[in-house]
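Text of structure.cif, listed as mmCIF, C-alpha atoms:
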data_model
#
loop_
_atom_site.label_atom_id
_atom_site.label_comp_id
_atom_site.auth_asym_id
_atom_site.auth_seq_id
_atom_site.Cartn_x
_atom_site.Cartn_y
_atom_site.Cartn_z
CA MET A 1 -139.89 -67.78 206.44
CA ASP A 2 -140.71 -70.05 203.52
CA ILE A 3 -142.32 -67.90 200.77
CA SER A 4 -143.42 -69.38 197.46
CA CYS A 5 -141.96 -68.27 194.11
CA ASP A 6 -145.38 -67.04 192.99
CA VAL A 7 -145.50 -64.52 195.82
CA ILE A 8 -141.93 -63.36 195.13
CA ARG A 9 -142.63 -62.99 191.39
CA ASP A 10 -145.59 -60.79 192.24
CA LEU A 11 -143.22 -58.56 194.18
CA LEU A 12 -140.37 -58.61 191.62
CA PRO A 13 -141.75 -55.78 189.36
CA LEU A 14 -142.03 -53.50 192.40
CA TYR A 15 -138.62 -54.64 193.64
CA ALA A 16 -137.03 -53.90 190.25
CA GLU A 17 -138.51 -50.39 190.40
CA ASP A 18 -137.35 -49.99 194.04
CA MET A 19 -140.91 -49.41 195.14
CA VAL A 20 -141.11 -51.91 198.07
CA SER A 21 -140.71 -51.46 201.81
CA ASN A 22 -137.56 -52.52 203.63
CA ASP A 23 -139.26 -55.65 205.03
CA SER A 24 -140.49 -56.74 201.59
CA ARG A 25 -137.05 -56.03 200.09
CA GLY A 26 -135.44 -58.25 202.74
CA LEU A 27 -137.86 -61.11 202.01
CA VAL A 28 -137.24 -60.89 198.24
CA GLU A 29 -133.45 -60.76 198.58
CA GLU A 30 -133.48 -63.67 201.01
CA HIS A 31 -135.53 -65.72 198.54
CA LEU A 32 -133.35 -64.78 195.58
CA GLU A 33 -130.23 -66.13 197.31
CA GLY A 34 -131.50 -69.66 196.95
CA CYS A 35 -133.77 -69.43 193.83
CA ASP A 36 -132.15 -69.21 190.38
CA PRO A 37 -135.46 -69.08 188.40
CA CYS A 38 -136.55 -65.98 190.29
CA LYS A 39 -133.10 -64.41 189.71
CA LYS A 40 -133.51 -64.93 185.94
CA GLU A 41 -137.01 -63.45 186.09
CA LEU A 42 -135.58 -60.36 187.79
CA GLU A 43 -132.89 -59.97 185.09
CA LEU A 44 -135.53 -60.19 182.36
CA LEU A 45 -137.57 -57.52 184.09
CA LYS A 46 -134.59 -55.17 184.27
CA GLN A 47 -133.75 -55.66 180.56
CA ALA A 48 -137.36 -55.11 179.54
CA GLN A 49 -137.40 -51.83 181.46
CA LYS A 50 -134.28 -50.45 179.74
CA LEU A 51 -135.26 -51.16 176.12
CA PRO A 52 -138.63 -49.34 175.97
CA VAL A 53 -137.20 -46.28 177.70
CA ASP A 54 -134.58 -45.76 174.96
CA VAL A 55 -137.05 -46.28 172.10
CA ASP A 56 -139.69 -43.98 173.58
CA THR A 57 -137.14 -41.21 174.18
CA HIS A 58 -136.10 -41.06 170.54
CA GLY A 59 -139.71 -41.08 169.41
CA LEU A 60 -140.64 -38.28 171.76
CA GLU A 61 -137.66 -36.24 170.58
CA ARG A 62 -138.72 -36.61 166.96
CA VAL A 63 -142.29 -35.63 167.78
CA SER A 64 -141.04 -32.67 169.81
CA LYS A 65 -138.89 -31.47 166.90
CA GLU A 66 -141.80 -31.75 164.46
CA ILE A 67 -144.09 -29.81 166.78
CA ARG A 68 -141.45 -27.11 167.28
CA LYS A 69 -140.87 -26.93 163.52
CA ARG A 70 -144.58 -26.50 162.82
CA LYS A 71 -144.90 -23.81 165.48
CA ILE A 72 -141.97 -21.84 164.04
CA LEU A 73 -143.35 -22.20 160.52
CA THR A 74 -146.79 -21.09 161.64
CA VAL A 75 -145.38 -17.99 163.35
CA LEU A 76 -143.32 -17.15 160.24
CA CYS A 77 -146.40 -17.59 158.04
CA VAL A 78 -148.45 -15.26 160.22
CA ILE A 79 -145.70 -12.60 160.33
CA ALA A 80 -145.14 -12.80 156.56
CA THR A 81 -148.89 -12.60 155.91
CA ILE A 82 -149.32 -9.52 158.11
CA PHE A 83 -146.35 -7.81 156.44
CA SER A 84 -147.60 -8.68 152.94
CA LEU A 85 -151.09 -7.39 153.72
CA ILE A 86 -149.71 -4.12 155.06
CA TRP A 87 -147.31 -3.69 152.14
CA SER A 88 -150.01 -4.60 149.60
CA GLY A 89 -152.33 -2.07 151.20
CA MET A 90 -149.65 0.62 150.98
CA ALA A 91 -149.00 -0.24 147.33
CA PHE A 92 -152.71 -0.07 146.58
CA VAL A 93 -153.32 3.32 148.21
CA LEU A 94 -150.04 4.97 147.11
CA SER A 95 -149.82 3.81 143.50
CA PRO A 96 -151.01 6.42 140.97
CA ILE A 97 -154.48 6.42 139.44
CA TYR A 98 -156.05 8.53 136.73
CA LEU A 99 -158.75 11.10 137.44
CA ASN A 100 -161.45 12.15 135.03
CA ALA A 101 -161.88 15.78 133.98
CA GLU A 102 -164.66 16.47 136.47
CA GLN A 103 -162.50 15.28 139.36
CA ALA A 104 -159.21 16.80 138.25
CA ILE A 105 -160.03 20.16 136.62
CA GLU A 106 -161.94 22.65 138.74
CA GLY A 107 -161.76 25.54 136.28
CA VAL A 108 -159.99 27.10 133.26
CA GLU A 109 -159.83 30.88 132.73
CA LEU A 110 -157.86 33.44 130.75
CA ARG A 111 -156.27 36.06 133.01
CA GLU A 112 -155.46 39.67 132.18
CA ASP A 113 -151.71 38.96 131.98
CA GLY A 114 -152.33 36.45 129.20
CA ALA A 115 -152.02 33.35 131.35
CA LEU A 116 -154.35 30.45 130.80
CA ALA A 117 -154.98 29.36 134.40
CA ILE A 118 -155.88 25.69 134.87
CA ASP A 119 -157.25 25.09 138.36
CA LEU A 120 -156.30 21.52 139.31
CA ALA A 121 -157.69 19.52 142.21
CA ASP A 122 -155.57 19.72 145.37
CA CYS A 123 -154.86 16.00 145.35
CA ILE A 124 -153.01 15.97 142.00
CA MET A 125 -149.61 14.27 142.24
CA GLY A 126 -148.50 14.82 138.66
CA THR A 127 -149.57 15.96 135.24
CA GLY A 128 -148.63 14.53 131.90
CA GLY A 129 -149.32 15.85 128.49
CA ARG A 130 -148.74 15.74 124.79
CA LYS A 131 -148.35 18.66 122.40
CA TYR A 132 -149.30 18.29 118.74
CA ASP A 133 -148.00 20.03 115.64
CA ASN A 134 -151.08 22.23 115.38
CA GLY A 135 -150.44 23.52 118.91
CA ASP A 136 -153.19 21.52 120.60
CA ILE A 137 -152.34 20.15 124.05
CA VAL A 138 -153.75 17.05 125.73
CA LEU A 139 -153.47 16.78 129.52
CA ALA A 140 -153.69 13.83 131.90
CA THR A 141 -153.39 14.02 135.67
CA THR A 142 -152.65 11.38 138.26
CA THR A 143 -153.04 11.06 141.99
CA SER A 144 -153.12 8.23 144.51
CA ARG A 145 -156.05 6.88 146.48
CA TYR A 146 -154.40 8.21 149.65
CA ASN A 147 -153.92 11.73 148.21
CA TRP A 148 -157.46 11.68 146.88
CA TRP A 149 -158.79 10.89 150.36
CA ARG A 150 -156.48 13.45 152.00
CA ALA A 151 -157.61 16.19 149.61
CA ARG A 152 -161.23 15.47 150.46
CA GLN A 153 -160.40 15.94 154.15
CA GLU A 154 -158.62 19.22 153.39
CA GLU A 155 -161.63 20.46 151.45
CA LYS A 156 -163.90 19.72 154.41
CA LYS A 157 -161.52 21.64 156.66
CA LEU A 158 -161.39 24.71 154.37
CA SER A 159 -165.12 24.71 153.64
CA GLY A 160 -165.81 25.70 157.26
CA MET A 161 -163.42 28.71 157.18
CA THR A 162 -164.16 32.30 156.30
CA GLU A 163 -162.13 34.10 153.59
CA GLU A 164 -160.07 35.84 156.25
CA GLU A 165 -159.34 32.55 158.02
CA ILE A 166 -158.28 30.95 154.74
CA GLU A 167 -155.99 33.91 153.97
CA ASN A 168 -154.35 33.66 157.41
CA TYR A 169 -154.05 29.90 156.95
CA VAL A 170 -152.22 30.32 153.63
CA LYS A 171 -149.97 33.07 155.05
CA LYS A 172 -148.99 30.80 157.90
CA LEU A 173 -148.43 27.94 155.47
CA TYR A 174 -145.93 29.94 153.42
CA SER A 175 -144.64 32.09 156.33
CA LYS A 176 -145.43 35.33 154.53
CA LYS A 177 -147.06 38.60 155.51
CA GLU A 178 -148.42 39.33 152.02
CA LEU A 179 -149.68 36.82 149.52
CA SER A 180 -148.94 37.07 145.81
CA GLN A 181 -150.93 35.54 143.01
CA ALA A 182 -148.20 32.90 142.72
CA ASP A 183 -148.79 31.94 146.38
CA TRP A 184 -152.49 31.52 145.78
CA ASP A 185 -151.81 29.54 142.62
CA ARG A 186 -149.41 27.26 144.47
CA PHE A 187 -151.88 26.71 147.31
CA ASN A 188 -154.81 26.06 144.97
CA SER A 189 -152.79 23.92 142.52
CA VAL A 190 -153.34 26.37 139.67
CA GLN A 191 -151.18 25.73 136.61
CA THR A 192 -150.59 28.75 134.35
CA ARG A 193 -149.64 28.60 130.69
CA TYR A 194 -148.44 31.65 128.73
CA CYS A 195 -148.82 31.73 124.99
CA PHE A 196 -146.16 33.19 122.66
CA THR A 197 -145.48 33.06 118.95
CA ASP A 198 -142.23 33.80 117.11
CA VAL A 199 -141.85 35.71 113.86
CA ASN A 200 -142.38 32.56 111.82
CA GLY A 201 -145.69 31.85 113.49
CA VAL A 202 -144.46 28.79 115.43
CA LEU A 203 -146.38 28.38 118.70
CA THR A 204 -144.36 28.09 121.92
CA ILE A 205 -145.66 27.70 125.46
CA ALA A 206 -143.75 29.31 128.34
CA TYR A 207 -144.50 29.05 132.08
CA GLU A 208 -142.85 32.33 133.24
CA PRO A 209 -144.33 35.64 131.96
CA ASP A 210 -141.02 37.52 131.81
CA PHE A 211 -141.78 39.81 128.88
CA GLU A 212 -138.69 42.03 129.36
CA GLY A 213 -135.57 40.39 128.06
CA TYR A 214 -136.51 36.78 128.89
CA PHE A 215 -135.96 35.80 125.25
CA ALA A 216 -133.13 38.28 124.55
CA ASP A 217 -130.61 35.52 123.80
CA ASP A 218 -133.04 33.39 121.82
CA PRO A 219 -132.15 33.23 118.09
CA PHE A 220 -135.88 33.26 117.25
CA ALA A 221 -136.55 36.52 119.12
CA PRO A 222 -138.53 38.70 119.22
CA TYR A 223 -141.51 36.91 120.74
CA THR A 224 -144.84 38.62 121.13
CA PRO A 225 -147.72 37.65 123.44
CA ALA A 226 -150.49 35.98 121.48
CA GLU A 227 -153.98 34.74 122.18
CA HIS A 228 -154.40 31.14 123.27
CA THR A 229 -155.53 29.89 119.91
CA TYR A 230 -154.57 26.28 120.65
CA ASP A 231 -157.11 23.81 122.03
CA LEU A 232 -156.69 22.32 125.47
CA PHE A 233 -158.04 18.80 126.00
CA TYR A 234 -158.13 16.34 128.90
CA VAL A 235 -157.79 12.56 128.54
CA GLU A 236 -160.37 10.56 130.45
CA PRO A 237 -159.32 7.34 132.22
CA GLY A 238 -159.33 4.41 129.85
CA LEU A 239 -158.27 6.62 126.91
CA LYS A 240 -161.78 7.60 125.95
CA GLU A 241 -162.42 10.60 123.71
CA PRO A 242 -160.64 13.65 125.22
CA VAL A 243 -162.71 16.35 126.90
CA LEU A 244 -162.34 19.89 125.53
CA LEU A 245 -161.26 22.29 128.32
CA TRP A 246 -160.37 25.36 126.25
CA ASP A 247 -161.72 26.04 122.78
CA GLY A 248 -159.23 27.85 120.58
CA ASP A 249 -159.75 27.84 116.83
CA ASP A 250 -161.49 24.62 115.90
CA GLY A 251 -162.10 22.73 119.17
CA GLN A 252 -161.20 19.42 117.56
CA ILE A 253 -158.36 16.97 117.75
CA TYR A 254 -157.70 14.26 115.24
CA GLU A 255 -154.69 12.50 116.74
CA ASP A 256 -154.75 8.87 117.88
CA LEU A 257 -154.56 8.60 121.68
CA THR A 258 -154.63 4.82 121.93
CA SER A 259 -150.90 4.11 121.68
CA LEU A 260 -149.31 2.82 124.86
CA ASP A 261 -146.09 4.15 126.30
CA PHE A 262 -143.03 1.90 125.87
CA LEU A 263 -142.62 1.46 129.63
CA VAL A 264 -146.26 0.36 129.93
CA GLN A 265 -145.72 -2.11 127.10
CA GLN A 266 -142.85 -3.64 129.06
CA TYR A 267 -145.05 -4.06 132.12
CA LEU A 268 -147.77 -5.65 129.99
CA ILE A 269 -145.30 -8.13 128.50
CA PHE A 270 -143.90 -8.93 131.95
CA PHE A 271 -147.41 -9.43 133.32
CA GLY A 272 -148.44 -11.67 130.43
CA VAL A 273 -145.31 -13.83 130.59
CA SER A 274 -145.67 -14.27 134.37
CA LEU A 275 -149.32 -15.26 133.98
CA VAL A 276 -148.50 -17.89 131.33
CA ILE A 277 -145.58 -19.29 133.35
CA GLY A 278 -147.67 -19.48 136.53
CA ILE A 279 -150.59 -21.32 134.92
CA GLY A 280 -148.28 -23.61 132.91
CA ALA A 281 -146.13 -24.50 135.92
CA PHE A 282 -149.09 -25.54 138.11
CA ILE A 283 -150.67 -27.58 135.30
CA ALA A 284 -147.37 -29.35 134.56
CA ALA A 285 -146.74 -30.03 138.26
CA HIS A 286 -150.10 -31.81 138.48
CA PHE A 287 -149.20 -34.31 135.75
CA ILE A 288 -145.45 -34.87 136.26
CA PRO A 289 -144.85 -37.91 138.53
CA ASN A 290 -141.33 -36.91 139.59
CA ARG A 291 -141.75 -35.32 143.03
CA LYS A 292 -138.68 -33.09 142.89
CA VAL A 293 -139.56 -31.73 139.46
CA SER A 294 -143.18 -31.25 140.54
CA LEU A 295 -142.04 -29.39 143.67
CA CYS A 296 -139.78 -27.07 141.62
CA LEU A 297 -142.64 -26.35 139.22
CA ARG A 298 -144.99 -25.50 142.08
CA ILE A 299 -142.40 -23.09 143.51
CA LEU A 300 -141.95 -21.49 140.07
CA GLY A 301 -145.72 -21.21 139.65
CA THR A 302 -146.06 -19.62 143.09
CA ILE A 303 -143.43 -16.97 142.30
CA ALA A 304 -145.01 -16.21 138.91
CA GLY A 305 -148.46 -16.02 140.50
CA SER A 306 -147.14 -13.62 143.13
CA ILE A 307 -145.77 -11.38 140.39
CA VAL A 308 -149.18 -11.37 138.69
CA GLY A 309 -150.96 -10.62 141.99
CA ALA A 310 -148.56 -7.81 142.87
CA SER A 311 -148.94 -6.33 139.39
CA LEU A 312 -152.74 -6.24 139.76
CA VAL A 313 -152.49 -4.61 143.20
CA ILE A 314 -150.05 -1.94 142.00
CA THR A 315 -151.71 -1.08 138.70
CA GLY A 316 -155.30 -1.79 139.69
CA GLY A 317 -155.51 -3.83 136.49
CA ASP A 318 -155.41 -0.63 134.43
CA TYR A 319 -152.43 -0.57 132.07
CA LEU A 320 -153.94 1.99 129.67
CA ASP A 321 -151.42 4.77 130.24
CA SER A 322 -150.71 6.47 126.93
CA PHE A 323 -148.38 9.05 128.49
CA GLY A 324 -146.45 6.74 130.80
CA ASN A 325 -146.54 9.18 133.73
CA ARG A 326 -148.21 6.63 136.03
CA ALA A 327 -145.92 3.79 135.01
CA LEU A 328 -142.91 5.68 136.36
CA GLU A 329 -144.46 5.54 139.85
CA TRP A 330 -145.21 1.81 139.67
CA SER A 331 -141.51 0.97 139.87
CA GLN A 332 -141.27 1.85 143.57
CA PHE A 333 -143.33 -1.26 144.45
CA ILE A 334 -142.53 -3.63 141.55
CA PRO A 335 -139.39 -5.23 143.11
CA SER A 336 -140.55 -5.50 146.72
CA LEU A 337 -144.21 -6.52 146.58
CA PRO A 338 -143.77 -9.67 144.40
CA PHE A 339 -140.90 -10.74 146.67
CA SER A 340 -143.04 -10.30 149.78
CA LEU A 341 -146.01 -12.18 148.30
CA SER A 342 -143.75 -14.98 147.01
CA ILE A 343 -142.12 -15.54 150.41
CA THR A 344 -145.52 -15.57 152.11
CA ALA A 345 -147.04 -18.04 149.65
CA LEU A 346 -144.01 -20.36 149.77
CA LEU A 347 -144.04 -20.38 153.58
CA TRP A 348 -147.71 -21.39 153.64
CA GLN A 349 -147.00 -24.14 151.10
CA TRP A 350 -144.09 -25.38 153.21
CA LEU A 351 -146.35 -25.50 156.26
CA TYR A 352 -148.96 -27.43 154.26
CA TRP A 353 -146.36 -29.95 153.10
CA VAL A 354 -145.10 -30.41 156.68
CA ASN A 355 -148.64 -31.11 157.87
CA HIS A 356 -149.41 -33.37 154.86
CA PRO A 357 -146.16 -35.24 154.05
CA GLU A 358 -148.07 -37.69 151.86
CA MET A 359 -148.86 -34.87 149.39
CA HIS A 360 -145.27 -34.48 148.13
#
For this file, produce the structure as structure tokens.
Amino acid sequence: MDISCDVIRDLLPLYAEDMVSNDSRGLVEEHLEGCDPCKKELELLKQAQKLPVDVDTHGLERVSKEIRKRKILTVLCVIATIFSLIWSGMAFVLSPIYLNAEQAIEGVELREDGALAIDLADCIMGTGGRKYDNGDIVLATTTSRYNWWRARQEEKKLSGMTEEEIENYVKKLYSKKELSQADWDRFNSVQTRYCFTDVNGVLTIAYEPDFEGYFADDPFAPYTPAEHTYDLFYVEPGLKEPVLLWDGDDGQIYEDLTSLDFLVQQYLIFFGVSLVIGIGAFIAAHFIPNRKVSLCLRILGTIAGSIVGASLVITGGDYLDSFGNRALEWSQFIPSLPFSLSITALLWQWLYWVNHPEMH
């Protein structure tokens, strides 16, 4: 059968792809035996098919790798963000805060045994204080937002109990049949101070009322119980004027309470330096044309900014701690929270740079 080259060339693309019937394949092969131009056309078709396949494969592989990279980065960013939020929340609720006198001190009374009983709120984590040469004492108490909330829940629970139910509750708590005054003091967070003076009139405060032989080996003995003639004050948050809790002789205090503890000063310096470095690094990165230097500055600024952010979360922005008793508790979050926030911020920046390669 005499078939024109035009018809055969129409069939050649299908023939090259092996997509023709047996009869059509026989016609094409019979024609190709005596037609060199159609043979050359077939060779060109086969070469054209091979080249695009190789190029497209490499392109698809690169696209696939980029998509996989972005997915992994996105997952890491989400995980790091969730962890940082949880850890920041824990730092915020567990870091110490100051309480004012109304919140912290529920009562002050002088007992028959000579103890000055200071009834603290149940949520108190720690107390700090300063004693002055004239015998006056200034108190400060700390708690955490979590303990403050938990104490409020405990108060609600106890407010619905009768006296007998509360007594049984405390007995069960301490596994005792009889409750002593010390048990009640421990349960109600009552702090007792006993006042003594030596023969030279120097005031000393003791916490255990052991009048028989407790000071037998003391070179300044004998001690005698004395009235609580010193004044007891409480420092309000923000180092405002102290509140008088117990009026001894004069009811006044003239000491300066605005000095910051050395540890707090260190935190303030660290916070200030980090803030300056962070702002300076981002400003410099914006104007420096060198991409590598700019990238390093942005990373440095991110780390410094994370330190500043973590410091604000932990301290609540309140560094006014004249006694330093809160600052000791900050250290449990200082190393870990800035690290967590830095990693999270850097991961999000990396993801942004991957999605916007023209920006770096």
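Nearest to Ser88 in chain A of all the residues A:Leu346, A:Ser336, A:Glu41, A:Leu260 is A:Ser336, based on all atoms listed in the file.
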Report as a list in words all protein, DNA and RNA residues lying within 6 Å of range 296-313 of chain A, evaluated on only C-alpha atoms, omitting residues in the same chain fewer than 3 positions from it. Phe92, Phe271, Ser274, Gly278, Ala281, Phe282, Ala285, Val293, Gly316, Gly317, Leu337, Pro338, Leu341 and Ser342 of chain A
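Residue membership of the PyMOL selection byres ((chain A and resi 77) around 10) in the shown file amounts to Lys71, Ile72, Leu73, Thr74, Val75, Leu76, Val78, Ile79, Ala80, Thr81, Ile82, Phe83, Ile343, Thr344, Ala345, Leu346, Leu347, Trp348, Gln349, Trp350 and Leu351 of chain A.
Nearest-residue note for Leu232 in chain A: choosing from A:Ile279, A:Leu263, A:Leu32, A:Val138, the minimum distance belongs to A:Val138, counting only C-alpha atoms.
From CA of Glu109 in chain A back to CA of Glu154 in chain A, the distance works out to 23.8 Å.
CA of Tyr267 in chain A sits 26.1 Å away from CA of Ala101 in chain A.
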